[in-house]
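Colleague: Sharing run.json (JSON, C-alpha atoms) below.
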[["chain", "number", "residue", "atom", "x", "y", "z"],
["A", 25, "MET", "CA", 79.11, -21.38, 69.95],
["A", 26, "ARG", "CA", 79.51, -22.25, 73.64],
["A", 27, "ALA", "CA", 80.22, -18.64, 74.63],
["A", 28, "GLN", "CA", 77.06, -17.51, 72.84],
["A", 29, "GLU", "CA", 74.96, -20.11, 74.65],
["A", 30, "TYR", "CA", 76.47, -19.15, 78.02],
["A", 31, "GLU", "CA", 75.69, -15.51, 77.30],
["A", 32, "LYS", "CA", 72.13, -16.41, 76.36],
["A", 33, "VAL", "CA", 71.56, -18.41, 79.55],
["A", 34, "PHE", "CA", 73.28, -15.72, 81.63],
["A", 35, "ASN", "CA", 70.90, -13.07, 80.26],
["A", 36, "GLU", "CA", 67.88, -15.34, 80.80],
["A", 37, "LEU", "CA", 68.93, -15.88, 84.43],
["A", 38, "LEU", "CA", 69.34, -12.13, 84.95],
["A", 39, "GLY", "CA", 65.87, -11.61, 83.50],
["A", 40, "ALA", "CA", 64.35, -14.31, 85.70],
["A", 41, "ALA", "CA", 66.00, -12.80, 88.80],
["A", 42, "ASN", "CA", 64.61, -9.38, 87.89],
["A", 43, "ARG", "CA", 61.09, -10.77, 87.35],
["A", 44, "LEU", "CA", 61.23, -12.61, 90.69],
["A", 45, "ASP", "CA", 62.38, -9.40, 92.39],
["A", 46, "ILE", "CA", 59.29, -7.61, 91.04],
["A", 47, "LEU", "CA", 56.97, -10.53, 91.83],
["A", 48, "ARG", "CA", 58.13, -10.88, 95.43],
["A", 49, "ARG", "CA", 57.03, -7.30, 96.15],
["A", 50, "LEU", "CA", 53.52, -7.52, 94.62],
["A", 51, "GLU", "CA", 51.57, -9.21, 97.39],
["A", 52, "GLY", "CA", 49.90, -6.67, 99.68],
["A", 53, "GLY", "CA", 52.94, -4.54, 100.42],
["A", 54, "GLY", "CA", 54.90, -7.36, 102.09],
["A", 55, "VAL", "CA", 57.74, -9.37, 100.64],
["A", 56, "ASP", "CA", 57.01, -12.99, 99.68],
["A", 57, "PRO", "CA", 59.73, -15.20, 101.21],
["A", 58, "HIS", "CA", 59.32, -17.94, 98.58],
["A", 59, "ALA", "CA", 59.85, -15.60, 95.64],
["A", 60, "THR", "CA", 62.75, -14.00, 97.53],
["A", 61, "ALA", "CA", 64.47, -17.37, 98.08],
["A", 62, "ALA", "CA", 63.95, -18.28, 94.42],
["A", 63, "MET", "CA", 65.30, -14.90, 93.30],
["A", 64, "HIS", "CA", 68.46, -15.42, 95.33],
["A", 65, "ALA", "CA", 68.85, -18.95, 93.96],
["A", 66, "VAL", "CA", 68.69, -17.62, 90.41],
["A", 67, "ARG", "CA", 71.15, -14.85, 91.29],
["A", 68, "PHE", "CA", 73.46, -17.51, 92.74],
["A", 69, "ALA", "CA", 73.28, -19.48, 89.47],
["A", 70, "THR", "CA", 73.97, -16.26, 87.56],
["A", 71, "THR", "CA", 77.05, -15.61, 89.70],
["A", 72, "ILE", "CA", 78.36, -19.12, 89.03],
["A", 73, "LEU", "CA", 77.87, -18.72, 85.28],
["A", 74, "TRP", "CA", 79.25, -15.17, 85.05],
["A", 75, "PRO", "CA", 82.97, -16.12, 84.62],
["A", 76, "THR", "CA", 82.08, -18.16, 81.52],
["A", 77, "VAL", "CA", 80.63, -15.13, 79.71],
["A", 78, "PRO", "CA", 83.46, -13.07, 78.20],
["A", 79, "ASN", "CA", 83.43, -9.27, 78.40],
["A", 80, "THR", "CA", 80.48, -9.14, 80.79],
["A", 81, "PRO", "CA", 80.44, -6.88, 83.85],
["A", 82, "PRO", "CA", 79.60, -8.42, 87.24],
["A", 83, "PRO", "CA", 75.88, -9.13, 87.64],
["A", 84, "GLY", "CA", 75.32, -6.21, 90.03],
["A", 85, "PHE", "CA", 74.35, -7.98, 93.23],
["A", 86, "ARG", "CA", 76.25, -9.18, 96.25],
["A", 87, "HIS", "CA", 77.90, -12.60, 95.86],
["A", 88, "ASP", "CA", 80.60, -12.79, 98.57],
["A", 89, "SER", "CA", 81.10, -15.88, 100.76],
["A", 90, "GLU", "CA", 79.28, -14.45, 103.78],
["A", 91, "ARG", "CA", 76.22, -13.66, 101.69],
["A", 92, "LEU", "CA", 76.24, -17.11, 100.08],
["A", 93, "LEU", "CA", 76.30, -18.76, 103.53],
["A", 94, "GLN", "CA", 73.31, -16.67, 104.62],
["A", 95, "LEU", "CA", 71.45, -17.64, 101.46],
["A", 96, "ALA", "CA", 72.21, -21.32, 102.07],
["A", 97, "ALA", "CA", 70.63, -20.97, 105.53],
["A", 98, "ASN", "CA", 67.56, -19.30, 103.98],
["A", 99, "TRP", "CA", 67.22, -22.04, 101.35],
["A", 100, "ARG", "CA", 67.44, -24.67, 104.10],
["A", 101, "GLU", "CA", 64.53, -22.98, 105.89],
["A", 102, "ALA", "CA", 62.55, -22.89, 102.64],
["A", 103, "VAL", "CA", 63.10, -26.60, 101.97],
["A", 104, "LEU", "CA", 62.26, -27.60, 105.56],
["A", 105, "GLU", "CA", 59.31, -25.17, 105.71],
["A", 106, "LEU", "CA", 60.67, -23.34, 108.76],
["A", 107, "GLY", "CA", 60.31, -19.75, 109.89],
["A", 108, "GLU", "CA", 58.80, -17.52, 107.20],
["A", 109, "PHE", "CA", 58.41, -20.59, 104.98],
["A", 110, "ALA", "CA", 56.22, -22.53, 107.41],
["A", 111, "PRO", "CA", 52.79, -23.37, 106.01],
["A", 112, "PRO", "CA", 49.90, -21.61, 107.73],
["A", 113, "ARG", "CA", 48.58, -23.43, 110.75],
["A", 114, "PRO", "CA", 45.05, -24.79, 110.48],
["A", 115, "THR", "CA", 42.34, -22.81, 112.20],
["A", 116, "LEU", "CA", 41.09, -24.58, 115.29],
["A", 117, "ARG", "CA", 37.41, -24.45, 116.15],
["A", 118, "LEU", "CA", 35.73, -25.31, 119.42],
["A", 119, "VAL", "CA", 32.90, -27.75, 119.00],
["A", 120, "ASN", "CA", 30.21, -27.98, 121.66],
["A", 121, "ASP", "CA", 28.77, -31.36, 122.47],
["A", 122, "THR", "CA", 25.04, -30.94, 121.93],
["A", 123, "THR", "CA", 24.01, -34.47, 122.77],
["A", 124, "PRO", "CA", 22.01, -34.73, 126.01],
["A", 125, "PRO", "CA", 23.65, -36.60, 128.87],
["A", 126, "SER", "CA", 22.43, -40.17, 129.30]]
In structure tokens, how does this file's structure come out?

Modeller:
Amino acid sequence: MRAQEYEKVFNELLGAANRLDILRRLEGGGVDPHATAAMHAVRFATTILWPTVPNTPPPGFRHDSERLLQLAANWREAVLELGEFAPPRPTLRLVNDTTPPS
């Protein structure tokens, strides 16, 4: 029973990672950093769960220690809204004082 549930979740995670990979490329030719960070987080969860699913090949994406450290740095930027994850700055407008001098 447990192995079947792990396999089910594993496949759902793979599907979610694939959907996020497609979604992150949809916006105007660029790559959306938020969808990319989420995709890598789901892939990370998939990698953690993979050993619990018997007779399943590796998930097919990089999951070595160096890559995981880079992803942790990217997730930190996403959480702190730094770099590509920074919210857009407000547009500043110049306002002329139209009141006559006294």

Colleague: Of the candidates A:Trp99, A:Glu105, A:Pro111, A:Pro124, which shows the shortest atom-to-atom distance to Ala61 (chain A), using only C-alpha atoms?

Modeller: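 Smallest separation from Ala61 (chain A) among the options: A:Trp99.
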
Colleague: Between A:Val33, A:Ala110, A:Leu50, A:Ala97, which has the minimum distance to Val66 (chain A) (counting all atoms listed in the file)?

Modeller: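 That would be A:Val33, the residue with the smallest distance to Val66 (chain A).
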
Colleague: Could you tell me how far CA of Ala62 (chain A) lies from CA of Val77 (chain A), in Å and to one decimal?

Modeller: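 These two atoms are separated by 22.5 Å.
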
Colleague: Measure the distance from CA of Gly39 (chain A) to CA of Ala102 (chain A) in Å and round it to one decimal.

Modeller: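 That distance, rounded to one decimal, is 22.5 Å.
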
Colleague: Between A:Met25, A:Glu36, A:His58, A:Thr71, which has the minimum distance to Val103 (chain A) (counting all atoms listed in the file)?

Modeller: A:His58

Colleague: With all atoms listed in the file as the atoms that count, which of A:Gly84, A:His64, A:Pro114, A:Thr123 lies nearest to Ala96 (chain A)?

Modeller: A:His64

Colleague: Just checking: using all atoms listed in the file, which residue out of A:Lys32, A:Arg67, A:Arg49, A:Arg43 ends up closest to Leu95 (chain A)?

Modeller: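 Smallest separation from Leu95 (chain A) among the options: A:Arg67.
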
Colleague: How many Å lie between CA of Leu106 (chain A) and CA of Arg48 (chain A), rounded to one decimal?

Modeller: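 Rounded to one decimal, the two atoms are 18.4 Å apart.
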
Colleague: Go through A:Leu44, A:Val119, A:Ile72, A:Leu104 one by one, measure the shortest atom-to-atom distance of each to Tyr30 (chain A) using only C-alpha atoms, and give the residue with the smallest value.

Modeller: A:Ile72

Colleague: Would you be able to write out as a list in words which residues have an atom within 12 Å of (79.6, -19.2, 85.0) in the file's coordinates, counting all atoms listed in the file?

Modeller: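 Every residue inside that radius is included here: Arg26, Ala27, Glu29, Tyr30, Glu31, Lys32, Val33, Phe34, Asn35, Leu37, Arg67, Phe68, Ala69, Thr70, Thr71, Ile72, Leu73, Trp74, Pro75, Thr76, Val77, Pro78, Thr80, Pro82 and Pro83 of chain A.
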
Colleague: Would you mind listing what lies within 8 Å of Met63 (chain A) as a ChimeraX atom specification, with only C-alpha atoms counted and same-chain residues fewer than 5 positions away left out?

Modeller: /A:40-42,44-45

Colleague: Let me know the centre plus edge lengths, in Å and rounded to one decimal, of a box with edges along x, y and z that contains all listed atoms of region 106-118 of chain A and is padded by 4 Å on every side, as JSON.

Modeller:
{"center_x": 48.2, "center_y": -21.4, "center_z": 112.2, "size_x": 32.9, "size_y": 15.8, "size_z": 22.4}
